[in-house]
Amino acid sequence: MSLLRKTSLKDIAEAAGVSTALVSFVLNGKEKEYRVGEKTAQRILKIANEMNYQPNLAAKSLRSGKTKTIGLVVSDISNPFFSQLARVLEDEAARKGYTVLFGSSDENKDKMNRIVGNLINKGVDGLIIVPCNNSEKSISSLVNNHIPVVLFDRYFPEINVSYVALNNFNASYIATKYLLRVGYTAPCIVAYDVNLTHMQERVLGYKKAMDEAGKKSLINVAFLKQDSPRKSADRLLPKMIDSGVDAFLFATNMISLACLYIIKDMGDDIIGKIGLVGFDGNPVFDFFDAPISYIQQPIDILVQKALEILTDVIANGNTVQSVLAEGEFIEKTS
């Protein structure tokens, strides 16, 4: 059975070869009252456990219709942006009477599926998911099974599902225009080598700004491996500098950190001349020897919108809504 579908009494009954009523009696602790044989009861409980059925929360859901819980699946909880997302969502959800259950996929679609399946079987009313690379089939399965879901930060245009995200194209376009306006002539964008829309949009925004500035021939994209960004940066960044790159636009917070480790060892001459812009601020930026401007994502607005959409879907059905919010460019000077 797919982890993306709730385990029902009927599923357990079919696996055990008994009626759904019998399963209900056992899972509600009424096997003796209804004279269910001990071996049969044990077999039902064993099958329910193997199918990851959660009897207490499911029973509560059947009585009230809702558990007032939502699931949040982020792609990497060590990323400060996603840890902030979890914190803000927990507070906003509490104001609406919801409890949030968390999970981190570590950018692994199989782990994401397991977490999503566990959250569904725990009876969550809906899900907010930061999808990882190549997880389109999993998200489609949720939609097809009518699970209330909102994608956050990343989305798949080809899937008819609600999402809330930054206007990534415009954010990257503005950041690149800034670098060109303050005098850098050959900025390079550093991105992950993934097929996620938000990453592709950030690269496209950079390319558009370069093209408009008459610098199409100087477009330079350095792709890092998502599972080893620092190793990739160590190999690629010196080559970029040697080829004439004089500024970097880092496409994510974690890319910024991986690249700063490499740049700090390049010497004061390079650090003093290079332009640096990232996505989302980080306290580490304040300790670096060069100013790092960044795009600030409106996390509070994004969370509020995601929660509004999800609770609307839970209450009224799967009406698809989408939000693209604008970021704020934060300029840092020496």
# chains A, B, ... in the order shown; residues from 1 in each chain; ligands from 1
call {"tool": "residues_around", "arguments": {"residues": "Phe250 (chain A)", "least_positions_apart": "5", "cutoff": "12 Å", "atoms": "only C-alpha atoms", "output": "count of residues only"}}
result
38
call {"tool": "residues_around", "arguments": {"residues": "region 209-216 of chain A", "least_positions_apart": "4", "cutoff": "10 Å", "atoms": "only C-alpha atoms", "output": "PyMOL selection string"}}
result
chain A and resi 170+172-178+180-181+185-188+204-205+220
call {"tool": "select_by_dssp", "arguments": {"residues": "region 142-263 of chain A", "states": "alpha helix (DSSP H)", "output": "ChimeraX atom specification"}}
result
/A:142-144,168-181,197-212,229-242,253-263
call {"tool": "residues_around", "arguments": {"residues": "Lys264 (chain A)", "least_positions_apart": "4", "cutoff": "8 Å", "atoms": "only C-alpha atoms", "output": "PDB file with N, CA and C atoms, in the first residue's frame"}}
result
ATOM      1  N   LEU A 260      31.185  30.828   0.915  1.00  0.00           N
ATOM      2  CA  LEU A 260      31.959  31.733   1.768  1.00  0.00           C
ATOM      3  C   LEU A 260      33.144  31.020   2.409  1.00  0.00           C
ATOM      4  N   ILE A 271      38.866  39.186  -1.839  1.00  0.00           N
ATOM      5  CA  ILE A 271      37.720  39.449  -0.961  1.00  0.00           C
ATOM      6  C   ILE A 271      37.333  40.928  -1.011  1.00  0.00           C
ATOM      7  N   PHE A 288      31.742  38.154   8.058  1.00  0.00           N
ATOM      8  CA  PHE A 288      32.583  38.028   6.875  1.00  0.00           C
ATOM      9  C   PHE A 288      33.250  39.362   6.582  1.00  0.00           C
ATOM     10  N   ASP A 289      34.432  39.302   5.964  1.00  0.00           N
ATOM     11  CA  ASP A 289      35.235  40.507   5.760  1.00  0.00           C
ATOM     12  C   ASP A 289      34.710  41.416   4.655  1.00  0.00           C
TER      13      ASP A 289
END
call {"tool": "select_by_dssp", "arguments": {"residues": "region 147-287 of chain A", "states": "strand (DSSP E or B)", "output": "list in words"}}
result
Val149, Val150, Leu151, Phe152, Ser162, Tyr163, Val164, Ala165, Leu166, Pro187, Cys188, Ile189, Val190, Ala191, Tyr192, Val221, Ala222, Phe223, Leu224, Ala247, Phe248, Leu249, Phe250, Gly275, Leu276, Val277, Gly278 and Phe279 of chain A
call {"tool": "decode", "arguments": {"residues": "region 142-189 of chain A", "atoms": "N, CA and C atoms", "output": "mmCIF file, in the first residue's frame"}}
result
data_model
loop_
_atom_site.group_PDB
_atom_site.id
_atom_site.type_symbol
_atom_site.label_atom_id
_atom_site.label_comp_id
_atom_site.auth_asym_id
_atom_site.auth_seq_id
_atom_site.Cartn_x
_atom_site.Cartn_y
_atom_site.Cartn_z
ATOM 1 N N LEU A 142 -0.778 12.742 -3.806
ATOM 2 C CA LEU A 142 -1.521 13.418 -2.741
ATOM 3 C C LEU A 142 -2.749 14.128 -3.305
ATOM 4 N N VAL A 143 -2.542 14.846 -4.406
ATOM 5 C CA VAL A 143 -3.640 15.580 -5.030
ATOM 6 C C VAL A 143 -4.731 14.617 -5.500
ATOM 7 N N ASN A 144 -4.323 13.529 -6.136
ATOM 8 C CA ASN A 144 -5.291 12.555 -6.660
ATOM 9 C C ASN A 144 -6.062 11.855 -5.552
ATOM 10 N N ASN A 145 -5.452 11.751 -4.361
ATOM 11 C CA ASN A 145 -6.122 11.134 -3.216
ATOM 12 C C ASN A 145 -6.860 12.154 -2.353
ATOM 13 N N HIS A 146 -6.947 13.399 -2.875
ATOM 14 C CA HIS A 146 -7.713 14.463 -2.213
ATOM 15 C C HIS A 146 -7.200 14.779 -0.806
ATOM 16 N N ILE A 147 -5.893 14.728 -0.638
ATOM 17 C CA ILE A 147 -5.269 15.137 0.623
ATOM 18 C C ILE A 147 -5.062 16.649 0.566
ATOM 19 N N PRO A 148 -5.581 17.415 1.517
ATOM 20 C CA PRO A 148 -5.344 18.867 1.511
ATOM 21 C C PRO A 148 -3.844 19.166 1.613
ATOM 22 N N VAL A 149 -3.309 19.874 0.644
ATOM 23 C CA VAL A 149 -1.868 20.126 0.617
ATOM 24 C C VAL A 149 -1.586 21.488 0.004
ATOM 25 N N VAL A 150 -0.573 22.166 0.559
ATOM 26 C CA VAL A 150 -0.060 23.412 0.003
ATOM 27 C C VAL A 150 1.452 23.266 -0.105
ATOM 28 N N LEU A 151 1.996 23.546 -1.272
ATOM 29 C CA LEU A 151 3.446 23.528 -1.452
ATOM 30 C C LEU A 151 4.009 24.878 -1.019
ATOM 31 N N PHE A 152 5.205 24.831 -0.438
ATOM 32 C CA PHE A 152 5.828 26.048 0.094
ATOM 33 C C PHE A 152 7.223 26.200 -0.481
ATOM 34 N N ASP A 153 7.529 27.407 -0.947
ATOM 35 C CA ASP A 153 8.861 27.770 -1.453
ATOM 36 C C ASP A 153 9.145 27.195 -2.835
ATOM 37 N N ARG A 154 8.726 25.970 -3.063
ATOM 38 C CA ARG A 154 8.939 25.300 -4.347
ATOM 39 C C ARG A 154 7.590 24.759 -4.849
ATOM 40 N N TYR A 155 7.459 24.652 -6.139
ATOM 41 C CA TYR A 155 6.202 24.131 -6.677
ATOM 42 C C TYR A 155 6.445 23.528 -8.046
ATOM 43 N N PHE A 156 5.438 22.812 -8.546
ATOM 44 C CA PHE A 156 5.515 22.179 -9.857
ATOM 45 C C PHE A 156 4.393 22.738 -10.728
ATOM 46 N N PRO A 157 4.711 23.575 -11.714
ATOM 47 C CA PRO A 157 3.675 24.231 -12.533
ATOM 48 C C PRO A 157 2.726 23.252 -13.215
ATOM 49 N N GLU A 158 3.219 22.053 -13.500
ATOM 50 C CA GLU A 158 2.391 21.099 -14.242
ATOM 51 C C GLU A 158 1.380 20.378 -13.342
ATOM 52 N N ILE A 159 1.470 20.563 -12.021
ATOM 53 C CA ILE A 159 0.547 19.903 -11.096
ATOM 54 C C ILE A 159 -0.457 20.924 -10.571
ATOM 55 N N ASN A 160 -1.712 20.574 -10.608
ATOM 56 C CA ASN A 160 -2.788 21.468 -10.176
ATOM 57 C C ASN A 160 -2.909 21.421 -8.645
ATOM 58 N N VAL A 161 -2.004 22.123 -7.969
ATOM 59 C CA VAL A 161 -1.942 22.101 -6.512
ATOM 60 C C VAL A 161 -1.626 23.507 -6.005
ATOM 61 N N SER A 162 -2.151 23.842 -4.838
ATOM 62 C CA SER A 162 -1.907 25.169 -4.257
ATOM 63 C C SER A 162 -0.443 25.321 -3.861
ATOM 64 N N TYR A 163 0.062 26.559 -3.976
ATOM 65 C CA TYR A 163 1.432 26.813 -3.541
ATOM 66 C C TYR A 163 1.601 28.266 -3.115
ATOM 67 N N VAL A 164 2.619 28.473 -2.277
ATOM 68 C CA VAL A 164 3.026 29.807 -1.839
ATOM 69 C C VAL A 164 4.536 29.877 -1.987
ATOM 70 N N ALA A 165 5.030 30.913 -2.661
ATOM 71 C CA ALA A 165 6.467 30.990 -2.916
ATOM 72 C C ALA A 165 6.882 32.437 -3.158
ATOM 73 N N LEU A 166 8.176 32.650 -3.144
ATOM 74 C CA LEU A 166 8.751 33.925 -3.531
ATOM 75 C C LEU A 166 8.675 34.079 -5.048
ATOM 76 N N ASN A 167 8.554 35.322 -5.511
ATOM 77 C CA ASN A 167 8.703 35.586 -6.939
ATOM 78 C C ASN A 167 10.204 35.502 -7.242
ATOM 79 N N ASN A 168 10.661 34.286 -7.482
ATOM 80 C CA ASN A 168 12.091 34.017 -7.592
ATOM 81 C C ASN A 168 12.732 34.674 -8.808
ATOM 82 N N PHE A 169 12.010 34.701 -9.917
ATOM 83 C CA PHE A 169 12.538 35.334 -11.122
ATOM 84 C C PHE A 169 12.837 36.806 -10.850
ATOM 85 N N ASN A 170 11.880 37.503 -10.279
ATOM 86 C CA ASN A 170 12.034 38.931 -10.045
ATOM 87 C C ASN A 170 13.115 39.212 -8.997
ATOM 88 N N ALA A 171 13.175 38.357 -7.974
ATOM 89 C CA ALA A 171 14.173 38.551 -6.926
ATOM 90 C C ALA A 171 15.589 38.447 -7.492
ATOM 91 N N SER A 172 15.813 37.431 -8.299
ATOM 92 C CA SER A 172 17.132 37.240 -8.900
ATOM 93 C C SER A 172 17.451 38.335 -9.918
ATOM 94 N N TYR A 173 16.445 38.750 -10.650
ATOM 95 C CA TYR A 173 16.599 39.837 -11.620
ATOM 96 C C TYR A 173 17.032 41.123 -10.909
ATOM 97 N N ILE A 174 16.370 41.460 -9.806
ATOM 98 C CA ILE A 174 16.695 42.676 -9.049
ATOM 99 C C ILE A 174 18.104 42.595 -8.465
ATOM 100 N N ALA A 175 18.457 41.428 -7.929
ATOM 101 C CA ALA A 175 19.782 41.260 -7.334
ATOM 102 C C ALA A 175 20.882 41.422 -8.379
ATOM 103 N N THR A 176 20.670 40.866 -9.563
ATOM 104 C CA THR A 176 21.663 40.977 -10.635
ATOM 105 C C THR A 176 21.773 42.413 -11.135
ATOM 106 N N LYS A 177 20.624 43.075 -11.283
ATOM 107 C CA LYS A 177 20.629 44.486 -11.707
ATOM 108 C C LYS A 177 21.405 45.351 -10.708
ATOM 109 N N TYR A 178 21.276 45.021 -9.430
ATOM 110 C CA TYR A 178 22.012 45.764 -8.399
ATOM 111 C C TYR A 178 23.522 45.614 -8.606
ATOM 112 N N LEU A 179 23.979 44.382 -8.789
ATOM 113 C CA LEU A 179 25.409 44.152 -8.978
ATOM 114 C C LEU A 179 25.938 44.918 -10.189
ATOM 115 N N LEU A 180 25.175 44.925 -11.259
ATOM 116 C CA LEU A 180 25.599 45.646 -12.458
ATOM 117 C C LEU A 180 25.575 47.160 -12.236
ATOM 118 N N ARG A 181 24.572 47.626 -11.509
ATOM 119 C CA ARG A 181 24.429 49.069 -11.285
ATOM 120 C C ARG A 181 25.571 49.628 -10.442
ATOM 121 N N VAL A 182 26.068 48.846 -9.473
ATOM 122 C CA VAL A 182 27.132 49.360 -8.602
ATOM 123 C C VAL A 182 28.524 49.144 -9.191
ATOM 124 N N GLY A 183 28.602 48.627 -10.427
ATOM 125 C CA GLY A 183 29.880 48.617 -11.113
ATOM 126 C C GLY A 183 30.505 47.281 -11.434
ATOM 127 N N TYR A 184 29.887 46.189 -11.009
ATOM 128 C CA TYR A 184 30.444 44.876 -11.364
ATOM 129 C C TYR A 184 30.064 44.550 -12.806
ATOM 130 N N THR A 185 31.003 43.975 -13.525
ATOM 131 C CA THR A 185 30.792 43.781 -14.963
ATOM 132 C C THR A 185 30.531 42.324 -15.361
ATOM 133 N N ALA A 186 30.924 41.378 -14.508
ATOM 134 C CA ALA A 186 30.800 39.967 -14.888
ATOM 135 C C ALA A 186 30.323 39.118 -13.718
ATOM 136 N N PRO A 187 29.106 39.369 -13.221
ATOM 137 C CA PRO A 187 28.594 38.552 -12.115
ATOM 138 C C PRO A 187 28.226 37.142 -12.564
ATOM 139 N N CYS A 188 28.395 36.218 -11.651
ATOM 140 C CA CYS A 188 28.071 34.804 -11.890
ATOM 141 C C CYS A 188 27.029 34.369 -10.859
ATOM 142 N N ILE A 189 26.063 33.558 -11.263
ATOM 143 C CA ILE A 189 25.122 33.003 -10.303
ATOM 144 C C ILE A 189 25.555 31.585 -9.933
#
